[in-house]
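Chemist: I'd like to ask some things about the structure below.
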Amino acid sequence: MIRILMTGGPFDKEYDEVRGRLFFKDTHVPEMLDKGRSRVPVSVRTLMMIDSLDMNDADRALVVEQCRQSDVDRLVVTHGTDTMVETARAVAAAGIVVVDDAGQPVPLSWPAQRVVSLAPDLTELLFTAG
C-alpha cells in the first residue's frame with residue numbers, strides 16, 4: 001500500500017473566478033487516482049491544506065511525525081515547491097532515511113523541481129508523467 005500525506009500544494013489549489021485568487025478546499029488526489037484508473041492500493045491522509053510558503057515549523061514537525069509513524073512501505077508527501085527543501089531537511093534531520101526501489105539512499109536536500117504546474121489538465125499531466 002502507498003500512503004499519500006497531503007499538505008496542500010499545486011494538486012489541491014482551486015481557482016475562485018469571482019475574487020481571482022487560488023484557495024484550498026479539499027484534496028483532489030483520490031479523484032485524480034480514480035480518473036487515472038489507478039489500481040494500486042492507496043491511503044490518502046490530509047495533514048493540512050496550505051501553501052508551502054505558509055508552512056511553519058509545527059507543520060513540518062507534523063509531516064516528520066507522520067513519516068516516522070508510517071506503517072507502509074511507500075510514502076508520498078504532496079508539497080508545494082517553494083519550501084519543499086526546508087521540509088525535506090526536517091525529515092532528514094529526524095533521521096528518516098528515504099531509499100529508492102534499489103535500496104539506495106535518496107538525498108532530500110536537492111533543490112525542489114516542479115513536476116507539474118497548476119493547469120486545467122493537471123490530472124492528465126500527472127498520469128502522463130508516470
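Chain labels run A, B, ... following the order of the C-alpha cells; each chain numbers its residues from 1, and ligands are numbered from 1 in the order shown.
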Could you pull out the residues in chain A that DSSP calls strand (DSSP E or B) from the backbone, as a PyMOL selection string?
Modeler: chain A and resi 2-8+13-16+21-24+42-50+74-77+99+105
Chemist: Would you give me, as a ChimeraX atom specification, the residues in range 16-104 of chain A that DSSP reads as helix (DSSP H, G or I)?
Modeler: /A:29-35,52-54,57-69,84-93
Chemist: Hey, could you make a per-residue contact list for range 49-91 of chain A against range 4-11 of chain A with 10 Å as the cut-off, showing the nearest pair of atoms and its distance in Å to one decimal, counting only C-alpha atoms, sorted by chain and number, as JSON lines?
Modeler:
{"residue": "A:Met49", "atom": "CA", "partner": "A:Gly8", "partner_atom": "CA", "distance": 4.2}
{"residue": "A:Ile50", "atom": "CA", "partner": "A:Gly8", "partner_atom": "CA", "distance": 4.9}
{"residue": "A:Asp51", "atom": "CA", "partner": "A:Gly9", "partner_atom": "CA", "distance": 5.8}
{"residue": "A:Ser52", "atom": "CA", "partner": "A:Gly9", "partner_atom": "CA", "distance": 6.6}
{"residue": "A:Leu53", "atom": "CA", "partner": "A:Gly9", "partner_atom": "CA", "distance": 9.8}
{"residue": "A:Met55", "atom": "CA", "partner": "A:Thr7", "partner_atom": "CA", "distance": 9.0}
{"residue": "A:Asp59", "atom": "CA", "partner": "A:Thr7", "partner_atom": "CA", "distance": 8.8}
{"residue": "A:Arg60", "atom": "CA", "partner": "A:Thr7", "partner_atom": "CA", "distance": 9.7}
{"residue": "A:Val63", "atom": "CA", "partner": "A:Leu5", "partner_atom": "CA", "distance": 8.0}
{"residue": "A:Gln66", "atom": "CA", "partner": "A:Leu5", "partner_atom": "CA", "distance": 8.1}
{"residue": "A:Cys67", "atom": "CA", "partner": "A:Leu5", "partner_atom": "CA", "distance": 8.7}
{"residue": "A:Arg74", "atom": "CA", "partner": "A:Ile4", "partner_atom": "CA", "distance": 8.6}
{"residue": "A:Leu75", "atom": "CA", "partner": "A:Ile4", "partner_atom": "CA", "distance": 5.9}
{"residue": "A:Val76", "atom": "CA", "partner": "A:Ile4", "partner_atom": "CA", "distance": 4.7}
{"residue": "A:Val77", "atom": "CA", "partner": "A:Leu5", "partner_atom": "CA", "distance": 4.7}
{"residue": "A:Thr78", "atom": "CA", "partner": "A:Met6", "partner_atom": "CA", "distance": 5.2}
{"residue": "A:His79", "atom": "CA", "partner": "A:Gly9", "partner_atom": "CA", "distance": 4.9}
{"residue": "A:Gly80", "atom": "CA", "partner": "A:Gly9", "partner_atom": "CA", "distance": 4.1}
{"residue": "A:Thr81", "atom": "CA", "partner": "A:Gly9", "partner_atom": "CA", "distance": 7.6}
{"residue": "A:Asp82", "atom": "CA", "partner": "A:Gly9", "partner_atom": "CA", "distance": 9.4}
{"residue": "A:Met84", "atom": "CA", "partner": "A:Gly9", "partner_atom": "CA", "distance": 9.9}
Chemist: Any idea what the distance is between CA of Phe23 in chain A and CA of Ala58 in chain A?
Modeler: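 So the two atoms, CA of Phe23 in chain A and CA of Ala58 in chain A, lie 21.2 Å apart.
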Chemist: Rounded to one decimal in Å, what is the spacing between CA of Asp71 in chain A and CA of Ser43 in chain A?
Modeler: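 Computed distance, CA of Asp71 in chain A to CA of Ser43 in chain A, equals 11.2 Å.
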Chemist: For Val91 in chain A, which residue among A:Val64, A:Asp73, A:Val106, A:Arg37 is the nearest when counting only C-alpha atoms?
Modeler: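 Answer, going by the shortest atom-to-atom distance: A:Val64.
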Chemist: Just the number, please: distance in Å from CA of Gly103 in chain A to CA of Val72 in chain A, one decimal.
Modeler: 15.7 Å
Chemist: Find, counting only C-alpha atoms, the residue in A:Val40, A:Met1, A:Met48, A:Ala94 that gets nearest to Lys25 in chain A.
Modeler: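 Looking only at the distances to Lys25 in chain A, the closest residue turns out to be A:Met48.
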